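Report on one structure; see the data block that follows.
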Amino acid sequence: MNDPSANAPSADLLIRDISTLVVEPGVEIPDAWLAVSDNRVAAYGRAGEEPEAAEVRSAGGRLVTPGLVNTHHHMYQNLTRSFGPVVNGTLFDWLTGLYPLWTALDDESVYLSSYVAMAELLLGGCTASSDHLYVHPRPGLVDAQVRAAQDVGLRFLATRGSMSLSVEDGGLPPR
């Protein structure tokens, strides 16, 4: 009797035709392949040593590198990063000019700004990010970010901050 697992692929995904695979600083493999199993890198090597895989994709001669990690972002600020009245001001001019606009943040604006920020990060090689959303004019905004991360496919850690002093109490943001 034949063992059905004897012909089973050894990887879920094989990425081949990699011009250069950067494994870590100082370790680069030309003409390489990369095998993925259970959503993790399982093996890599030079062309001609590839394992069997359930799915095979070609990198088309591209460079493959580890994903970058962004540890601090304010994704909602994408909405106002080029706001004319404050674009050339100091940091405090910028903040005091934008806090009133950010009081209008809602689920849709946080979702869209997060989606755009995450897509930009992915295009730049970042595969994981954290975001420091500290403006909460209404509840549920972090949920909008989590939905955007799921839709874009970015590994994401949402962090929630807060400003404890409003402008009435000596701080910068409105109450």
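As shown in the structure tokens, the chain order sets the letters A, B, ...; within each chain, residues go from 1, and ligands are also counted from 1 in the order they appear.
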
I'd like the neighbourhood of region 71-80 of chain A as a tab-separated table (two decimals) with N, CA and C atoms, in the first residue's frame, where a residue qualifies if any of its atoms comes within 7 Å (using only C-alpha atoms), though same-chain residues fewer than 3 positions away should be ignored.
chain	number	residue	atom	x	y	z
A	83	PHE	N	-2.17	70.28	3.89
A	83	PHE	CA	-3.17	71.33	4.12
A	83	PHE	C	-2.48	72.69	4.02
A	110	VAL	N	-10.96	57.62	8.85
A	110	VAL	CA	-9.87	56.85	9.44
A	110	VAL	C	-9.60	55.59	8.61
A	113	SER	N	-7.82	56.87	5.30
A	113	SER	CA	-6.45	57.35	5.53
A	113	SER	C	-5.54	56.20	5.94
A	114	SER	N	-6.04	55.25	6.70
A	114	SER	CA	-5.25	54.10	7.09
A	114	SER	C	-4.97	53.20	5.89
A	117	ALA	N	-2.28	54.89	3.81
A	117	ALA	CA	-0.98	54.81	4.50
A	117	ALA	C	-0.43	53.39	4.43
A	129	SER	N	3.22	47.17	10.57
A	129	SER	CA	3.23	48.53	11.09
A	129	SER	C	2.45	48.63	12.38
A	130	SER	N	2.81	49.64	13.13
A	130	SER	CA	2.06	50.06	14.30
A	130	SER	C	1.57	51.47	14.02
A	131	ASP	N	0.45	51.81	14.57
A	131	ASP	CA	-0.04	53.18	14.39
A	131	ASP	C	-0.46	53.73	15.74
A	132	HIS	N	-0.09	54.97	15.97
A	132	HIS	CA	-0.43	55.66	17.21
A	132	HIS	C	-1.57	56.63	16.92
A	133	LEU	N	-2.78	56.14	17.04
A	133	LEU	CA	-3.97	56.96	16.83
A	133	LEU	C	-4.34	57.60	18.17

Compile the contact shell of Pro100 (chain A) as a CSV table (one decimal) with N, CA, C and O atoms, in the first residue's frame: residues with an atom at most 9 Å away, counting only C-alpha atoms, same-chain residues fewer than 4 positions apart removed.
chain,number,residue,atom,x,y,z
A,96,THR,N,-1.8,73.0,15.9
A,96,THR,CA,-2.9,73.8,16.3
A,96,THR,C,-3.8,74.2,15.1
A,96,THR,O,-5.0,74.4,15.3
A,104,ALA,N,-13.3,66.2,13.2
A,104,ALA,CA,-14.3,65.7,12.3
A,104,ALA,C,-14.0,64.2,11.9
A,104,ALA,O,-14.7,63.7,11.1
A,173,PRO,N,-4.7,70.2,21.7
A,173,PRO,CA,-6.0,69.9,21.0
A,173,PRO,C,-7.2,70.5,21.6
A,173,PRO,O,-7.2,70.8,22.8
A,174,PRO,N,-8.2,70.6,20.8
A,174,PRO,CA,-9.5,71.1,21.3
A,174,PRO,C,-10.1,70.0,22.3
A,174,PRO,O,-9.7,68.9,22.3

field: Which of chain A fall in helix (DSSP H, G or I), as a ChimeraX atom specification
entry: /A:4-7,75-80,84-86,91-102,107-123,141-152,167-169

- request: Would you list, as number ranges by chain, the residues of region 1-153 of chain A that end up in strand (DSSP E) under DSSP run on this structure's backbone?
  value: A: 11-24, 27-37, 40-46, 53-58, 63-64, 68-70, 126-133

For Gly60 (chain A): contacts at 8 Å, only C-alpha atoms, fewer than 2 positions along chain excluded, given as a list in words: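 Here the qualifying residues turn out to be Asp17, Ile18, Ser19, Ser58 and Arg62 of chain A.
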
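The neighbours of Arg138 (chain A) here are the residues that come within 10 Å of it, using only C-alpha atoms and leaving out any residue fewer than 3 positions away in the same chain; they are Thr103, Ala104, Leu105, Asp106, Asp107, Val135 and Leu141 of chain A.
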
Include N, CA and C atoms and write out the residues we just selected as a PDB file, in the first residue's frame.
ATOM      1  N   THR A 103     -11.063  66.980  14.591  1.00  0.00           N
ATOM      2  CA  THR A 103     -12.261  66.713  15.405  1.00  0.00           C
ATOM      3  C   THR A 103     -13.383  66.107  14.557  1.00  0.00           C
ATOM      4  N   ALA A 104     -13.266  66.237  13.230  1.00  0.00           N
ATOM      5  CA  ALA A 104     -14.287  65.680  12.330  1.00  0.00           C
ATOM      6  C   ALA A 104     -13.967  64.244  11.910  1.00  0.00           C
ATOM      7  N   LEU A 105     -12.880  63.674  12.411  1.00  0.00           N
ATOM      8  CA  LEU A 105     -12.554  62.294  12.039  1.00  0.00           C
ATOM      9  C   LEU A 105     -13.728  61.365  12.341  1.00  0.00           C
ATOM     10  N   ASP A 106     -13.997  60.490  11.376  1.00  0.00           N
ATOM     11  CA  ASP A 106     -15.040  59.489  11.570  1.00  0.00           C
ATOM     12  C   ASP A 106     -14.530  58.160  11.031  1.00  0.00           C
ATOM     13  N   ASP A 107     -15.360  57.151  11.112  1.00  0.00           N
ATOM     14  CA  ASP A 107     -14.998  55.806  10.695  1.00  0.00           C
ATOM     15  C   ASP A 107     -14.465  55.784   9.260  1.00  0.00           C
ATOM     16  N   VAL A 135      -6.069  60.702  18.427  1.00  0.00           N
ATOM     17  CA  VAL A 135      -7.190  61.628  18.310  1.00  0.00           C
ATOM     18  C   VAL A 135      -8.456  60.779  18.199  1.00  0.00           C
ATOM     19  N   LEU A 141     -12.839  54.203  16.178  1.00  0.00           N
ATOM     20  CA  LEU A 141     -11.933  54.545  15.079  1.00  0.00           C
ATOM     21  C   LEU A 141     -10.820  53.511  14.901  1.00  0.00           C
TER      22      LEU A 141
END

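With only C-alpha atoms as the basis for measurement, A:Pro66 is the residue among A:Gly125, A:Pro66, A:Gly61, A:Gly89 that approaches Val22 (chain A) most closely.
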
Contact residues around region 52-54 of chain A with only C-alpha atoms at 7 Å, ignoring same-chain residues under 5 positions, as an mmCIF file with N, CA, C and O atoms, in the first residue's frame:
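So around.cif came out as:
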data_model
loop_
_atom_site.group_PDB
_atom_site.id
_atom_site.type_symbol
_atom_site.label_atom_id
_atom_site.label_comp_id
_atom_site.auth_asym_id
_atom_site.auth_seq_id
_atom_site.Cartn_x
_atom_site.Cartn_y
_atom_site.Cartn_z
ATOM 1 N N PRO A 9 3.448 17.715 -1.329
ATOM 2 C CA PRO A 9 4.459 18.770 -1.479
ATOM 3 C C PRO A 9 5.083 19.095 -0.121
ATOM 4 O O PRO A 9 4.445 18.988 0.911
ATOM 5 N N SER A 10 6.356 19.506 -0.154
ATOM 6 C CA SER A 10 7.039 19.838 1.095
ATOM 7 C C SER A 10 6.844 21.302 1.470
ATOM 8 O O SER A 10 7.280 21.712 2.535
ATOM 9 N N ALA A 11 6.226 22.089 0.601
ATOM 10 C CA ALA A 11 5.975 23.503 0.897
ATOM 11 C C ALA A 11 4.603 23.882 0.358
ATOM 12 O O ALA A 11 4.102 23.283 -0.596
ATOM 13 N N ASP A 12 4.004 24.870 0.992
ATOM 14 C CA ASP A 12 2.729 25.390 0.493
ATOM 15 C C ASP A 12 2.947 26.244 -0.754
ATOM 16 O O ASP A 12 2.172 26.197 -1.691
ATOM 17 N N LEU A 13 4.019 27.039 -0.721
ATOM 18 C CA LEU A 13 4.312 27.995 -1.800
ATOM 19 C C LEU A 13 5.798 27.997 -2.075
ATOM 20 O O LEU A 13 6.608 28.057 -1.142
ATOM 21 N N LEU A 14 6.151 27.962 -3.345
ATOM 22 C CA LEU A 14 7.531 28.105 -3.768
ATOM 23 C C LEU A 14 7.623 29.342 -4.649
ATOM 24 O O LEU A 14 6.878 29.458 -5.624
#

task: Rank A:Leu154, A:Ala148, A:Val116, A:Leu21 by their smallest atom-to-atom distance to Thr65 (chain A), using only C-alpha atoms, and report the top residue only.
output: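 Residue with the minimum atom-to-atom distance to Thr65 (chain A): A:Leu21.
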
field: CA of Leu123 (chain A) to CA of Pro51 (chain A), distance in Å rounded to a single decimal
entry: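 Atom-to-atom, CA of Leu123 (chain A) and CA of Pro51 (chain A) are spaced 29.0 Å apart.
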
- request: Work out how far CA of Glu108 (chain A) is from CA of Val142 (chain A), in Å to one decimal.
  value: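 Pair CA of Val142 (chain A) / CA of Glu108 (chain A) returns 11.4 Å.
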
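Between CA of Gln145 (chain A) and CA of Val69 (chain A) the interatomic distance comes to 17.0 Å.
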
field: Selection near region 91-93 of chain A, 12 Å with only C-alpha atoms, sequence-local residues under 6 positions removed, as a PyMOL selection string
entry: chain A and resi 81+83-85+99+171-173

Kindly export the residues of the current selection with N, CA and C atoms, as a compact mmCIF listing (two decimals), in the first residue's frame.
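Dumped to out.txt:
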# COMPACT_ATOMS: atom_id res chain seq x y z
N ARG A 81 -1.91 66.11 5.38
CA ARG A 81 -0.47 66.36 5.34
C ARG A 81 -0.07 67.50 4.40
N PHE A 83 -2.17 70.28 3.89
CA PHE A 83 -3.17 71.33 4.12
C PHE A 83 -2.48 72.69 4.02
N GLY A 84 -2.84 73.46 3.01
CA GLY A 84 -2.18 74.71 2.65
C GLY A 84 -1.92 75.70 3.77
N PRO A 85 -2.90 76.02 4.61
CA PRO A 85 -2.68 77.05 5.62
C PRO A 85 -1.57 76.73 6.63
N TYR A 99 -5.63 70.35 14.53
CA TYR A 99 -6.50 69.73 15.55
C TYR A 99 -7.98 70.03 15.32
N GLY A 171 -3.25 72.51 26.98
CA GLY A 171 -2.68 71.64 25.95
C GLY A 171 -2.94 72.18 24.56
N LEU A 172 -2.71 71.38 23.56
CA LEU A 172 -2.88 71.82 22.17
C LEU A 172 -4.21 71.45 21.54
N PRO A 173 -4.73 70.24 21.75
CA PRO A 173 -5.95 69.88 21.01
C PRO A 173 -7.20 70.50 21.62

field: Residue nearest Leu157 (chain A) among A:Asn70, A:Trp102, A:Asn88, A:Pro137 (counting only C-alpha atoms)
entry: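 Answer, going by the shortest atom-to-atom distance: A:Asn70.
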
- prompt: Which polymer residues have any atom within 6 Å of an atom of Thr127 (chain A), counting only C-alpha atoms, with same-chain residues fewer than 2 positions away left out, as JSON, numbers by chain?
  reply: {"A": [67, 68, 122, 154]}

message: Please determine, counting only C-alpha atoms, which residue among A:Arg155, A:Arg175, A:Arg160, A:Arg40 has the shortest atom-to-atom distance to Pro139 (chain A).
response: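 Smallest separation from Pro139 (chain A) among the options: A:Arg160.
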